[in-house]
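Engineer: Here it is: the structure, laid out below.
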Amino acid sequence: MTITHAADQEEHDADRQEPAAEPETRPGTRQEARRGEFHAGDRVQLTDPKGRMHTIVLEPGKSYHTHRGALDHDALIGLPEGSVVTSAGGTPYLALRPLLSDYVLSMPRGAQVIYPKDAAQIVAMGDVFPGAKVLEAGAGSGALSCSLLRAVGDEGQLHSYELREDFAAIARKNVEAFFGRPHPAWHLHQGDVADNTETGFDRIILDMLTPWEALPMVEKALIPGGVFIGYVATTPQLSELVEALRARGGWTEPRAWESLVRDWHAEGLAVRPDHRMVAHTAFLVSARRLAPGVIAPPRRRKPSKGAEAYAQKKARDVTPGTELG
């Protein structure tokens with residue numbers, strides 16, 4: 001079995017789906033209804049007999065050209081979703097509106113995206129609800145922003161911070177292309193999330209190199225009972241974030257985990273794990289904010305050599321030259 005990690009995830013995606021055309025909200029493009037007949041302005045996913053996906057935005061009079069012949073947009077407009085259309089070369093294509101997970105895997109990228117398996121964990125385990133006020137950093141390419149906006153709805157608020165101007169521009173274009181309009185709940189800020197002064201957040205999600213450095217801001221911005229989630233790629237980052245939450249107090253015991261996704265091949269009696277597996281992409285760390293001045297009862301733990309080694313490492317960092325005992 002091939003285990004796919006974050007570094008080669010994009011290659012795995014490319015085998016399945018061609019990148020979509022540069023997304024844009026064209027004049028006259030309607031807000032996507034996501035149901036019913038195809039209309040001009042709808043985003044449509046065409047799947048060929050080999051399972052390759054091609055995403056187009058329907059425009060009257062235009063054609064989509066493939067190496068298997070052209071396919072007129074007009075042939076799709078007015079058809080019910082789930083129809084099959086045939087190219088000029090005789091190749092059938094299944095036409096469906098793309099799911100958010102399909103869109104994320106094909107959209108233009110600046111920063112590495114948070115993949116659907118992790119976005120689903122963040123929304124579900126973070127309990128992101130309609131009407132919630134949410135803070136995220138960084139916005140990256142807008143993948144997680146789309147999932148969070150879906151969850152909070154038009155009545156919620158999502159404040160997204162992105163340090164880089166070019167990444168912020170890509171995120172804005174991707175999010176507006178997916179929703180077919182600027183989303184009323186979205187507030188995109190270019191800058192350092194540590195400078196955020198907004199408060200009253202129900203949920204805060206940080207996808208950054210050193211999320212523990214932003215914890216002073218998080219503690220001011222997150223309401224008691226609110227959920228914090230950190231998204232980190234490596235075990236040293238995981239250790240630093242968990243121990244920082246424990247050391248600061250005012251938090252529930254941090255929970256750390258990762259999600260692994262393995263498809264299965266099922267054909268008659270031939271049922272087995274697929275040859276490729278989406279394994280490690282990142283670690284997730286979650287904790288809940290306690291009321292002001294409250295410290296959670298300490299967890300009873302057996303003596304840990306790992307904890308002792310971490311304490312000695314921190315002591316050496318404070319006092320250079322100290323040797324392990």
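Simple scheme: letters A, B, ... for chains in structure tokens order, numbers from 1 for residues in each chain, numbers from 1 for ligands in the order shown.
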Please provide the set of residues having any atom within 10 Å of Thr252 in chain A, restricted to only C-alpha atoms, with same-chain residues fewer than 3 positions apart removed, written as a PDB file with all heavy atoms, in the first residue's frame.
Structural biologist:
```pdb
ATOM      1  N   GLY A 225     -15.605  28.851  27.394  1.00  0.00           N
ATOM      2  CA  GLY A 225     -16.282  27.722  26.754  1.00  0.00           C
ATOM      3  C   GLY A 225     -15.990  27.616  25.273  1.00  0.00           C
ATOM      4  O   GLY A 225     -16.336  26.605  24.645  1.00  0.00           O
ATOM      5  N   VAL A 227     -13.899  27.187  21.714  1.00  0.00           N
ATOM      6  CA  VAL A 227     -12.970  26.134  21.291  1.00  0.00           C
ATOM      7  C   VAL A 227     -11.814  26.732  20.497  1.00  0.00           C
ATOM      8  O   VAL A 227     -12.028  27.528  19.572  1.00  0.00           O
ATOM      9  CB  VAL A 227     -13.690  25.081  20.422  1.00  0.00           C
ATOM     10  CG1 VAL A 227     -12.710  24.001  19.958  1.00  0.00           C
ATOM     11  CG2 VAL A 227     -14.844  24.451  21.190  1.00  0.00           C
ATOM     12  N   LEU A 245      -0.190  25.366  26.110  1.00  0.00           N
ATOM     13  CA  LEU A 245      -1.557  25.435  26.638  1.00  0.00           C
ATOM     14  C   LEU A 245      -1.599  24.968  28.094  1.00  0.00           C
ATOM     15  O   LEU A 245      -2.262  25.587  28.942  1.00  0.00           O
ATOM     16  CB  LEU A 245      -2.494  24.580  25.776  1.00  0.00           C
ATOM     17  CG  LEU A 245      -2.820  25.131  24.390  1.00  0.00           C
ATOM     18  CD1 LEU A 245      -3.434  24.046  23.516  1.00  0.00           C
ATOM     19  CD2 LEU A 245      -3.773  26.326  24.492  1.00  0.00           C
ATOM     20  N   ARG A 246      -0.884  23.904  28.404  1.00  0.00           N
ATOM     21  CA  ARG A 246      -0.848  23.396  29.774  1.00  0.00           C
ATOM     22  C   ARG A 246      -0.186  24.409  30.717  1.00  0.00           C
ATOM     23  O   ARG A 246      -0.655  24.656  31.825  1.00  0.00           O
ATOM     24  CB  ARG A 246      -0.092  22.075  29.829  1.00  0.00           C
ATOM     25  CG  ARG A 246      -0.856  20.901  29.254  1.00  0.00           C
ATOM     26  CD  ARG A 246      -0.002  19.659  29.233  1.00  0.00           C
ATOM     27  NE  ARG A 246      -0.750  18.502  28.738  1.00  0.00           N
ATOM     28  CZ  ARG A 246      -0.189  17.448  28.163  1.00  0.00           C
ATOM     29  NH1 ARG A 246       1.134  17.398  28.010  1.00  0.00           N
ATOM     30  NH2 ARG A 246      -0.937  16.450  27.733  1.00  0.00           N
ATOM     31  N   GLY A 249      -2.337  27.629  31.669  1.00  0.00           N
ATOM     32  CA  GLY A 249      -3.537  27.462  32.486  1.00  0.00           C
ATOM     33  C   GLY A 249      -4.722  28.135  31.816  1.00  0.00           C
ATOM     34  O   GLY A 249      -4.597  28.807  30.791  1.00  0.00           O
ATOM     35  N   ARG A 255      -6.234  18.187  23.591  1.00  0.00           N
ATOM     36  CA  ARG A 255      -6.358  16.908  22.887  1.00  0.00           C
ATOM     37  C   ARG A 255      -5.602  17.026  21.562  1.00  0.00           C
ATOM     38  O   ARG A 255      -5.751  18.018  20.850  1.00  0.00           O
ATOM     39  CB  ARG A 255      -7.822  16.590  22.605  1.00  0.00           C
ATOM     40  CG  ARG A 255      -7.989  15.276  21.832  1.00  0.00           C
ATOM     41  CD  ARG A 255      -9.343  15.117  21.206  1.00  0.00           C
ATOM     42  NE  ARG A 255      -9.386  13.926  20.366  1.00  0.00           N
ATOM     43  CZ  ARG A 255     -10.243  13.731  19.377  1.00  0.00           C
ATOM     44  NH1 ARG A 255     -11.146  14.651  19.100  1.00  0.00           N
ATOM     45  NH2 ARG A 255     -10.213  12.633  18.668  1.00  0.00           N
ATOM     46  N   SER A 286      -6.757  20.617  20.138  1.00  0.00           N
ATOM     47  CA  SER A 286      -7.919  21.391  20.563  1.00  0.00           C
ATOM     48  C   SER A 286      -7.950  21.525  22.081  1.00  0.00           C
ATOM     49  O   SER A 286      -7.460  20.656  22.813  1.00  0.00           O
ATOM     50  CB  SER A 286      -9.221  20.751  20.075  1.00  0.00           C
ATOM     51  OG  SER A 286      -9.464  19.526  20.739  1.00  0.00           O
ATOM     52  N   ALA A 287      -8.516  22.639  22.542  1.00  0.00           N
ATOM     53  CA  ALA A 287      -8.733  22.878  23.963  1.00  0.00           C
ATOM     54  C   ALA A 287      -9.843  23.911  24.090  1.00  0.00           C
ATOM     55  O   ALA A 287     -10.096  24.678  23.156  1.00  0.00           O
ATOM     56  CB  ALA A 287      -7.454  23.377  24.638  1.00  0.00           C
ATOM     57  N   ARG A 288     -10.500  23.936  25.241  1.00  0.00           N
ATOM     58  CA  ARG A 288     -11.585  24.896  25.487  1.00  0.00           C
ATOM     59  C   ARG A 288     -11.164  25.916  26.543  1.00  0.00           C
ATOM     60  O   ARG A 288     -10.481  25.585  27.514  1.00  0.00           O
ATOM     61  CB  ARG A 288     -12.862  24.174  25.905  1.00  0.00           C
ATOM     62  CG  ARG A 288     -13.365  23.213  24.837  1.00  0.00           C
ATOM     63  CD  ARG A 288     -14.730  22.673  25.168  1.00  0.00           C
ATOM     64  NE  ARG A 288     -15.757  23.704  25.078  1.00  0.00           N
ATOM     65  CZ  ARG A 288     -17.051  23.479  25.303  1.00  0.00           C
ATOM     66  NH1 ARG A 288     -17.465  22.269  25.629  1.00  0.00           N
ATOM     67  NH2 ARG A 288     -17.927  24.462  25.205  1.00  0.00           N
ATOM     68  N   ARG A 289     -11.591  27.136  26.320  1.00  0.00           N
ATOM     69  CA  ARG A 289     -11.243  28.240  27.213  1.00  0.00           C
ATOM     70  C   ARG A 289     -12.081  28.165  28.484  1.00  0.00           C
ATOM     71  O   ARG A 289     -13.307  27.961  28.426  1.00  0.00           O
ATOM     72  CB  ARG A 289     -11.499  29.563  26.499  1.00  0.00           C
ATOM     73  CG  ARG A 289     -11.000  30.781  27.258  1.00  0.00           C
ATOM     74  CD  ARG A 289      -9.516  30.918  27.103  1.00  0.00           C
ATOM     75  NE  ARG A 289      -9.037  32.117  27.780  1.00  0.00           N
ATOM     76  CZ  ARG A 289      -8.240  32.102  28.845  1.00  0.00           C
ATOM     77  NH1 ARG A 289      -7.845  30.946  29.361  1.00  0.00           N
ATOM     78  NH2 ARG A 289      -7.828  33.222  29.383  1.00  0.00           N
ATOM     79  N   LEU A 290     -11.435  28.348  29.626  1.00  0.00           N
ATOM     80  CA  LEU A 290     -12.129  28.355  30.896  1.00  0.00           C
ATOM     81  C   LEU A 290     -12.524  29.779  31.285  1.00  0.00           C
ATOM     82  O   LEU A 290     -12.077  30.754  30.681  1.00  0.00           O
ATOM     83  CB  LEU A 290     -11.245  27.745  31.982  1.00  0.00           C
ATOM     84  CG  LEU A 290     -10.773  26.301  31.718  1.00  0.00           C
ATOM     85  CD1 LEU A 290      -9.930  25.807  32.885  1.00  0.00           C
ATOM     86  CD2 LEU A 290     -11.954  25.368  31.470  1.00  0.00           C
ATOM     87  N   ILE A 295      -8.564  27.690  36.889  1.00  0.00           N
ATOM     88  CA  ILE A 295      -7.544  26.731  36.471  1.00  0.00           C
ATOM     89  C   ILE A 295      -8.142  25.339  36.598  1.00  0.00           C
ATOM     90  O   ILE A 295      -8.684  24.982  37.655  1.00  0.00           O
ATOM     91  CB  ILE A 295      -6.270  26.834  37.338  1.00  0.00           C
ATOM     92  CG1 ILE A 295      -5.688  28.250  37.280  1.00  0.00           C
ATOM     93  CG2 ILE A 295      -5.236  25.801  36.885  1.00  0.00           C
ATOM     94  CD1 ILE A 295      -5.214  28.670  35.916  1.00  0.00           C
ATOM     95  N   ALA A 296      -8.083  24.560  35.525  1.00  0.00           N
ATOM     96  CA  ALA A 296      -8.646  23.211  35.555  1.00  0.00           C
ATOM     97  C   ALA A 296      -7.877  22.338  36.545  1.00  0.00           C
ATOM     98  O   ALA A 296      -6.662  22.502  36.709  1.00  0.00           O
ATOM     99  CB  ALA A 296      -8.595  22.594  34.165  1.00  0.00           C
ATOM    100  N   PRO A 297      -8.563  21.425  37.217  1.00  0.00           N
ATOM    101  CA  PRO A 297      -7.851  20.476  38.091  1.00  0.00           C
ATOM    102  C   PRO A 297      -6.791  19.734  37.288  1.00  0.00           C
ATOM    103  O   PRO A 297      -7.042  19.318  36.149  1.00  0.00           O
ATOM    104  CB  PRO A 297      -8.950  19.518  38.553  1.00  0.00           C
ATOM    105  CG  PRO A 297     -10.230  20.280  38.366  1.00  0.00           C
ATOM    106  CD  PRO A 297     -10.007  21.167  37.183  1.00  0.00           C
ATOM    107  N   PRO A 298      -5.579  19.589  37.830  1.00  0.00           N
ATOM    108  CA  PRO A 298      -4.519  18.919  37.067  1.00  0.00           C
ATOM    109  C   PRO A 298      -4.862  17.467  36.783  1.00  0.00           C
ATOM    110  O   PRO A 298      -5.454  16.781  37.626  1.00  0.00           O
ATOM    111  CB  PRO A 298      -3.296  19.035  37.976  1.00  0.00           C
ATOM    112  CG  PRO A 298      -3.860  19.245  39.349  1.00  0.00           C
ATOM    113  CD  PRO A 298      -5.138  19.987  39.173  1.00  0.00           C
ATOM    114  N   ARG A 299      -4.520  17.043  35.571  1.00  0.00           N
ATOM    115  CA  ARG A 299      -4.716  15.647  35.219  1.00  0.00           C
ATOM    116  C   ARG A 299      -3.695  14.773  35.949  1.00  0.00           C
ATOM    117  O   ARG A 299      -2.525  15.119  36.045  1.00  0.00           O
ATOM    118  CB  ARG A 299      -4.547  15.458  33.699  1.00  0.00           C
ATOM    119  CG  ARG A 299      -5.705  15.956  32.868  1.00  0.00           C
ATOM    120  CD  ARG A 299      -6.896  15.047  33.018  1.00  0.00           C
ATOM    121  NE  ARG A 299      -8.012  15.500  32.218  1.00  0.00           N
ATOM    122  CZ  ARG A 299      -8.274  15.041  30.987  1.00  0.00           C
ATOM    123  NH1 ARG A 299      -7.493  14.147  30.438  1.00  0.00           N
ATOM    124  NH2 ARG A 299      -9.324  15.493  30.336  1.00  0.00           N
TER     125      ARG A 299
END
```
Engineer: Which is closest to Ala40 in chain A among A:Pro80, A:Pro211, A:Pro60, A:Pro182, if we use only C-alpha atoms?
Structural biologist: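 Checking each candidate against Ala40 in chain A, we get A:Pro60 as the closest.
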Engineer: Measuring between only C-alpha atoms, which one of A:Ser259, A:Thr91, A:Thr55, A:Gln312 shows the shortest distance to Gln121 in chain A?
Structural biologist: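 Under the stated criterion, the closest residue is A:Ser259.
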Engineer: Among range 61-248 of chain A, which ones does DSSP assign to strand (DSSP E or B) (computed from the backbone)? Answer as a PyMOL selection string.
Structural biologist: chain A and resi 63-66+69-72+80+83-86+92-96+133-137+157-162+186-190+201-206+222-232
Engineer: Using only C-alpha atoms, which residues sit within 9 Å of Leu206 in chain A once same-chain residues fewer than 5 positions away are excluded, as JSON, numbers by chain?
Structural biologist: {"A": [135, 136, 137, 138, 193, 211, 214, 228, 229, 230, 231, 232]}
Engineer: Could those selected residues go to a file with N, CA and C atoms, as a PDB file, in the first residue's frame?
Structural biologist:
```
ATOM      1  N   LEU A 135     -12.630  32.972  14.174  1.00  0.00           N
ATOM      2  CA  LEU A 135     -11.374  33.579  13.733  1.00  0.00           C
ATOM      3  C   LEU A 135     -10.475  32.486  13.190  1.00  0.00           C
ATOM      4  N   GLU A 136      -9.861  32.729  12.026  1.00  0.00           N
ATOM      5  CA  GLU A 136      -8.890  31.767  11.475  1.00  0.00           C
ATOM      6  C   GLU A 136      -7.650  32.504  10.992  1.00  0.00           C
ATOM      7  N   ALA A 137      -6.516  31.819  11.063  1.00  0.00           N
ATOM      8  CA  ALA A 137      -5.260  32.326  10.515  1.00  0.00           C
ATOM      9  C   ALA A 137      -4.355  31.128  10.236  1.00  0.00           C
ATOM     10  N   GLY A 138      -3.626  31.125   9.073  1.00  0.00           N
ATOM     11  CA  GLY A 138      -3.839  32.051   7.992  1.00  0.00           C
ATOM     12  C   GLY A 138      -4.878  31.530   7.012  1.00  0.00           C
ATOM     13  N   VAL A 193      -2.206  37.908  12.721  1.00  0.00           N
ATOM     14  CA  VAL A 193      -3.343  37.621  13.594  1.00  0.00           C
ATOM     15  C   VAL A 193      -3.056  38.032  15.033  1.00  0.00           C
ATOM     16  N   PRO A 211       1.839  28.714  16.505  1.00  0.00           N
ATOM     17  CA  PRO A 211       0.558  29.161  17.073  1.00  0.00           C
ATOM     18  C   PRO A 211       0.628  29.491  18.557  1.00  0.00           C
ATOM     19  N   ALA A 214       0.724  33.107  19.558  1.00  0.00           N
ATOM     20  CA  ALA A 214      -0.496  33.900  19.458  1.00  0.00           C
ATOM     21  C   ALA A 214      -1.467  33.620  20.603  1.00  0.00           C
ATOM     22  N   PHE A 228     -10.600  26.354  20.867  1.00  0.00           N
ATOM     23  CA  PHE A 228      -9.393  26.691  20.117  1.00  0.00           C
ATOM     24  C   PHE A 228      -8.885  25.436  19.422  1.00  0.00           C
ATOM     25  N   ILE A 229      -8.504  25.580  18.152  1.00  0.00           N
ATOM     26  CA  ILE A 229      -7.898  24.462  17.420  1.00  0.00           C
ATOM     27  C   ILE A 229      -6.632  24.956  16.736  1.00  0.00           C
ATOM     28  N   GLY A 230      -5.536  24.249  16.967  1.00  0.00           N
ATOM     29  CA  GLY A 230      -4.285  24.517  16.273  1.00  0.00           C
ATOM     30  C   GLY A 230      -4.018  23.436  15.245  1.00  0.00           C
ATOM     31  N   TYR A 231      -3.521  23.855  14.086  1.00  0.00           N
ATOM     32  CA  TYR A 231      -3.238  22.949  12.971  1.00  0.00           C
ATOM     33  C   TYR A 231      -1.742  23.043  12.695  1.00  0.00           C
ATOM     34  N   VAL A 232      -0.984  21.981  13.014  1.00  0.00           N
ATOM     35  CA  VAL A 232       0.472  22.005  12.887  1.00  0.00           C
ATOM     36  C   VAL A 232       0.945  20.756  12.155  1.00  0.00           C
TER      37      VAL A 232
END
```
Engineer: Check range 162-312 of chain A with DSSP on the backbone and list each residue it calls helix (DSSP H, G or I), as an MDAnalysis selection string.
Structural biologist: chainID A and resid 165:179 193:195 211:221 235:248 305:312
Engineer: Keeping only C-alpha atoms, take the residues you just selected and write them out as a PDB file, in the first residue's frame.
Structural biologist:
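Below you can see result11.pdb, which holds the result:
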```
ATOM      1  CA  GLU A 165      -0.928  39.945   0.101  1.00  0.00           C
ATOM      2  CA  ASP A 166      -0.630  37.473  -2.807  1.00  0.00           C
ATOM      3  CA  PHE A 167      -2.088  34.614  -0.750  1.00  0.00           C
ATOM      4  CA  ALA A 168      -4.922  36.849   0.476  1.00  0.00           C
ATOM      5  CA  ALA A 169      -5.768  37.736  -3.140  1.00  0.00           C
ATOM      6  CA  ILE A 170      -5.873  34.054  -4.136  1.00  0.00           C
ATOM      7  CA  ALA A 171      -8.024  33.190  -1.115  1.00  0.00           C
ATOM      8  CA  ARG A 172     -10.493  35.965  -1.940  1.00  0.00           C
ATOM      9  CA  LYS A 173     -10.767  34.854  -5.561  1.00  0.00           C
ATOM     10  CA  ASN A 174     -11.240  31.180  -4.620  1.00  0.00           C
ATOM     11  CA  VAL A 175     -13.873  31.847  -1.963  1.00  0.00           C
ATOM     12  CA  GLU A 176     -15.877  34.253  -4.128  1.00  0.00           C
ATOM     13  CA  ALA A 177     -15.681  31.853  -7.064  1.00  0.00           C
ATOM     14  CA  PHE A 178     -17.015  28.973  -4.963  1.00  0.00           C
ATOM     15  CA  PHE A 179     -19.955  30.919  -3.538  1.00  0.00           C
ATOM     16  CA  VAL A 193      -3.343  37.621  13.594  1.00  0.00           C
ATOM     17  CA  ALA A 194      -1.443  38.523  16.768  1.00  0.00           C
ATOM     18  CA  ASP A 195      -2.530  42.122  16.123  1.00  0.00           C
ATOM     19  CA  PRO A 211       0.558  29.161  17.073  1.00  0.00           C
ATOM     20  CA  TRP A 212       1.696  29.153  20.726  1.00  0.00           C
ATOM     21  CA  GLU A 213       3.051  32.692  20.208  1.00  0.00           C
ATOM     22  CA  ALA A 214      -0.496  33.900  19.458  1.00  0.00           C
ATOM     23  CA  LEU A 215      -2.036  32.400  22.627  1.00  0.00           C
ATOM     24  CA  PRO A 216      -2.081  35.748  24.526  1.00  0.00           C
ATOM     25  CA  MET A 217      -4.320  37.161  21.785  1.00  0.00           C
ATOM     26  CA  VAL A 218      -6.420  33.982  21.694  1.00  0.00           C
ATOM     27  CA  GLU A 219      -7.082  34.173  25.436  1.00  0.00           C
ATOM     28  CA  LYS A 220      -8.393  37.727  25.114  1.00  0.00           C
ATOM     29  CA  ALA A 221     -10.455  37.040  21.987  1.00  0.00           C
ATOM     30  CA  THR A 235       5.771  16.677  16.166  1.00  0.00           C
ATOM     31  CA  PRO A 236       7.987  19.477  17.614  1.00  0.00           C
ATOM     32  CA  GLN A 237       5.212  21.985  16.838  1.00  0.00           C
ATOM     33  CA  LEU A 238       2.656  19.618  18.365  1.00  0.00           C
ATOM     34  CA  SER A 239       4.711  19.336  21.558  1.00  0.00           C
ATOM     35  CA  GLU A 240       5.269  23.089  21.862  1.00  0.00           C
ATOM     36  CA  LEU A 241       1.587  23.927  21.400  1.00  0.00           C
ATOM     37  CA  VAL A 242       0.285  21.300  23.839  1.00  0.00           C
ATOM     38  CA  GLU A 243       2.800  22.212  26.536  1.00  0.00           C
ATOM     39  CA  ALA A 244       2.169  25.950  26.055  1.00  0.00           C
ATOM     40  CA  LEU A 245      -1.557  25.435  26.638  1.00  0.00           C
ATOM     41  CA  ARG A 246      -0.848  23.396  29.774  1.00  0.00           C
ATOM     42  CA  ALA A 247       1.672  25.902  31.106  1.00  0.00           C
ATOM     43  CA  ARG A 248      -0.552  28.931  30.640  1.00  0.00           C
ATOM     44  CA  LYS A 305      10.391  10.511  30.834  1.00  0.00           C
ATOM     45  CA  GLY A 306       9.114  12.534  27.898  1.00  0.00           C
ATOM     46  CA  ALA A 307       7.771  15.236  30.240  1.00  0.00           C
ATOM     47  CA  GLU A 308      11.036  15.235  32.179  1.00  0.00           C
ATOM     48  CA  ALA A 309      13.065  15.581  28.984  1.00  0.00           C
ATOM     49  CA  TYR A 310      10.842  18.445  27.815  1.00  0.00           C
ATOM     50  CA  ALA A 311      11.290  20.281  31.146  1.00  0.00           C
ATOM     51  CA  GLN A 312      15.073  19.851  30.911  1.00  0.00           C
TER      52      GLN A 312
END
```
Engineer: Between A:Pro49, A:Gly110, A:Gly142, A:Gly191, which has the minimum distance to Tyr93 in chain A (counting only C-alpha atoms)?
Structural biologist: A:Pro49
Engineer: In Å, rounded to a single decimal, give me how far CA of Pro130 in chain A is from CA of Asn196 in chain A.
Structural biologist: 22.7 Å
Engineer: Please determine, counting only C-alpha atoms, which residue among A:His183, A:Arg203, A:His189, A:Arg97 has the shortest atom-to-atom distance to Ala139 in chain A.
Structural biologist: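 Of A:His183, A:Arg203, A:His189, A:Arg97, the one nearest Ala139 in chain A, counting only C-alpha atoms, is A:His189.
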Engineer: So that I can see what lies close to Gly69 in chain A, please list as a PDB file with N, CA, C and O atoms, in the first residue's frame the residues with an atom at most 9 Å from it, counting only C-alpha atoms and leaving out residues fewer than 3 positions away in the same chain.
Structural biologist:
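Saved the output as out_1.pdb:
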```
ATOM      1  N   TYR A  64     -15.964  23.594 -24.395  1.00  0.00           N
ATOM      2  CA  TYR A  64     -14.836  23.103 -23.611  1.00  0.00           C
ATOM      3  C   TYR A  64     -14.086  22.104 -24.478  1.00  0.00           C
ATOM      4  O   TYR A  64     -14.666  21.125 -24.976  1.00  0.00           O
ATOM      5  N   HIS A  65     -12.793  22.355 -24.694  1.00  0.00           N
ATOM      6  CA  HIS A  65     -12.002  21.528 -25.606  1.00  0.00           C
ATOM      7  C   HIS A  65     -11.121  20.560 -24.821  1.00  0.00           C
ATOM      8  O   HIS A  65     -10.386  20.955 -23.916  1.00  0.00           O
ATOM      9  N   THR A  66     -11.225  19.286 -25.151  1.00  0.00           N
ATOM     10  CA  THR A  66     -10.390  18.259 -24.559  1.00  0.00           C
ATOM     11  C   THR A  66      -9.680  17.519 -25.684  1.00  0.00           C
ATOM     12  O   THR A  66      -9.965  17.722 -26.867  1.00  0.00           O
ATOM     13  N   SER A  87     -18.865  14.276 -26.034  1.00  0.00           N
ATOM     14  CA  SER A  87     -18.022  15.220 -26.761  1.00  0.00           C
ATOM     15  C   SER A  87     -18.084  14.927 -28.247  1.00  0.00           C
ATOM     16  O   SER A  87     -18.607  13.883 -28.685  1.00  0.00           O
ATOM     17  N   ALA A  88     -17.529  15.839 -29.033  1.00  0.00           N
ATOM     18  CA  ALA A  88     -17.512  15.662 -30.486  1.00  0.00           C
ATOM     19  C   ALA A  88     -16.748  14.405 -30.880  1.00  0.00           C
ATOM     20  O   ALA A  88     -17.005  13.820 -31.935  1.00  0.00           O
ATOM     21  N   GLY A  89     -15.822  13.956 -30.042  1.00  0.00           N
ATOM     22  CA  GLY A  89     -15.058  12.747 -30.329  1.00  0.00           C
ATOM     23  C   GLY A  89     -15.737  11.475 -29.860  1.00  0.00           C
ATOM     24  O   GLY A  89     -15.161  10.390 -29.984  1.00  0.00           O
ATOM     25  N   GLY A  90     -16.941  11.596 -29.282  1.00  0.00           N
ATOM     26  CA  GLY A  90     -17.693  10.414 -28.879  1.00  0.00           C
ATOM     27  C   GLY A  90     -17.450   9.950 -27.456  1.00  0.00           C
ATOM     28  O   GLY A  90     -17.905   8.865 -27.078  1.00  0.00           O
ATOM     29  N   THR A  91     -16.759  10.750 -26.639  1.00  0.00           N
ATOM     30  CA  THR A  91     -16.495  10.362 -25.259  1.00  0.00           C
ATOM     31  C   THR A  91     -17.610  10.862 -24.347  1.00  0.00           C
ATOM     32  O   THR A  91     -17.933  12.057 -24.359  1.00  0.00           O
TER      33      THR A  91
END
```
Engineer: Counting only C-alpha atoms, figure out which residue out of A:Leu79, A:Arg150, A:Leu96, A:Lys313 gets nearest to Met53 in chain A.
Structural biologist: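 Counting only C-alpha atoms, the residue closest to Met53 in chain A is A:Leu96.
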Engineer: Find the spatial neighbours of Asp274 in chain A, counting only C-alpha atoms, within a cut-off of 7 Å - ignore same-chain residues fewer than 5 positions away - and output them as a list in words.
Structural biologist: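 My reading of the contact set: Arg262, Asp263, Trp264 and His265 of chain A.
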Engineer: Could you state the separation of CA of Val113 in chain A and CA of Ser145 in chain A in Å, given to one decimal place?
Structural biologist: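 Going from CA of Val113 in chain A over to CA of Ser145 in chain A covers 10.3 Å.
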Engineer: Skipping near chain neighbours, those fewer than 5 positions away, what residues fall within 9 Å of Asp102 in chain A using only C-alpha atoms, listed as a list in words?
Structural biologist: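 Here the answer would be Gln17, Gln45, Met53, Met107 and Pro116 of chain A.
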Engineer: Can I get the selection written as a short mmCIF file (atom, residue, chain, number, x, y, z; two decimals), in the first residue's frame, with all heavy atoms?
Structural biologist:
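So selection_1.cif came out as:
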```cif
data_model
loop_
_atom_site.label_atom_id
_atom_site.label_comp_id
_atom_site.auth_asym_id
_atom_site.auth_seq_id
_atom_site.Cartn_x
_atom_site.Cartn_y
_atom_site.Cartn_z
N GLN A 17 -8.00 14.59 -10.73
CA GLN A 17 -8.75 15.76 -11.15
C GLN A 17 -7.84 16.79 -11.79
O GLN A 17 -6.78 17.10 -11.27
CB GLN A 17 -9.44 16.37 -9.92
CG GLN A 17 -10.26 17.59 -10.20
CD GLN A 17 -11.22 17.84 -9.08
OE1 GLN A 17 -11.93 16.92 -8.68
NE2 GLN A 17 -11.28 19.03 -8.57
N GLN A 45 -18.85 19.93 -13.00
CA GLN A 45 -17.75 18.97 -13.00
C GLN A 45 -18.05 17.86 -13.98
O GLN A 45 -19.07 17.18 -13.87
CB GLN A 45 -17.60 18.42 -11.59
CG GLN A 45 -16.48 17.42 -11.40
CD GLN A 45 -16.40 17.01 -9.95
OE1 GLN A 45 -15.75 17.64 -9.13
NE2 GLN A 45 -17.12 15.95 -9.60
N MET A 53 -11.54 14.31 -13.68
CA MET A 53 -12.55 15.37 -13.52
C MET A 53 -12.07 16.66 -14.15
O MET A 53 -10.90 17.03 -14.04
CB MET A 53 -12.86 15.58 -12.04
CG MET A 53 -13.42 14.36 -11.35
SD MET A 53 -13.65 14.64 -9.58
CE MET A 53 -14.20 13.01 -9.06
N MET A 107 -8.82 23.83 -7.03
CA MET A 107 -8.75 25.29 -7.14
C MET A 107 -7.28 25.76 -7.19
O MET A 107 -6.37 25.07 -6.70
CB MET A 107 -9.47 25.93 -5.96
CG MET A 107 -8.78 25.77 -4.62
SD MET A 107 -9.81 26.41 -3.28
CE MET A 107 -8.62 26.41 -1.94
N PRO A 116 -9.74 18.31 2.71
CA PRO A 116 -11.10 18.07 3.21
C PRO A 116 -11.17 17.21 4.46
O PRO A 116 -12.01 17.45 5.33
CB PRO A 116 -11.78 17.39 2.01
CG PRO A 116 -11.08 17.96 0.82
CD PRO A 116 -9.65 18.10 1.25
#
```
Engineer: Looking at only C-alpha atoms, which of A:Val294, A:Thr281, A:Leu149, A:Leu58 is the one that sits closest to Gly250 in chain A?
Structural biologist: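 Looking only at the distances to Gly250 in chain A, the closest residue turns out to be A:Val294.
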Engineer: For the atom pair CA of Ala151 in chain A and CA of Asp202 in chain A, what is the interatomic distance in Å to one decimal place?
Structural biologist: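 Going from CA of Ala151 in chain A over to CA of Asp202 in chain A covers 12.8 Å.
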Engineer: Which polymer residues have any atom within 9 Å of an atom of Tyr103 in chain A, counting only C-alpha atoms, with same-chain residues fewer than 2 positions away left out, as number ranges by chain?
Structural biologist: A: 20, 55, 98-101, 105-107, 143, 178
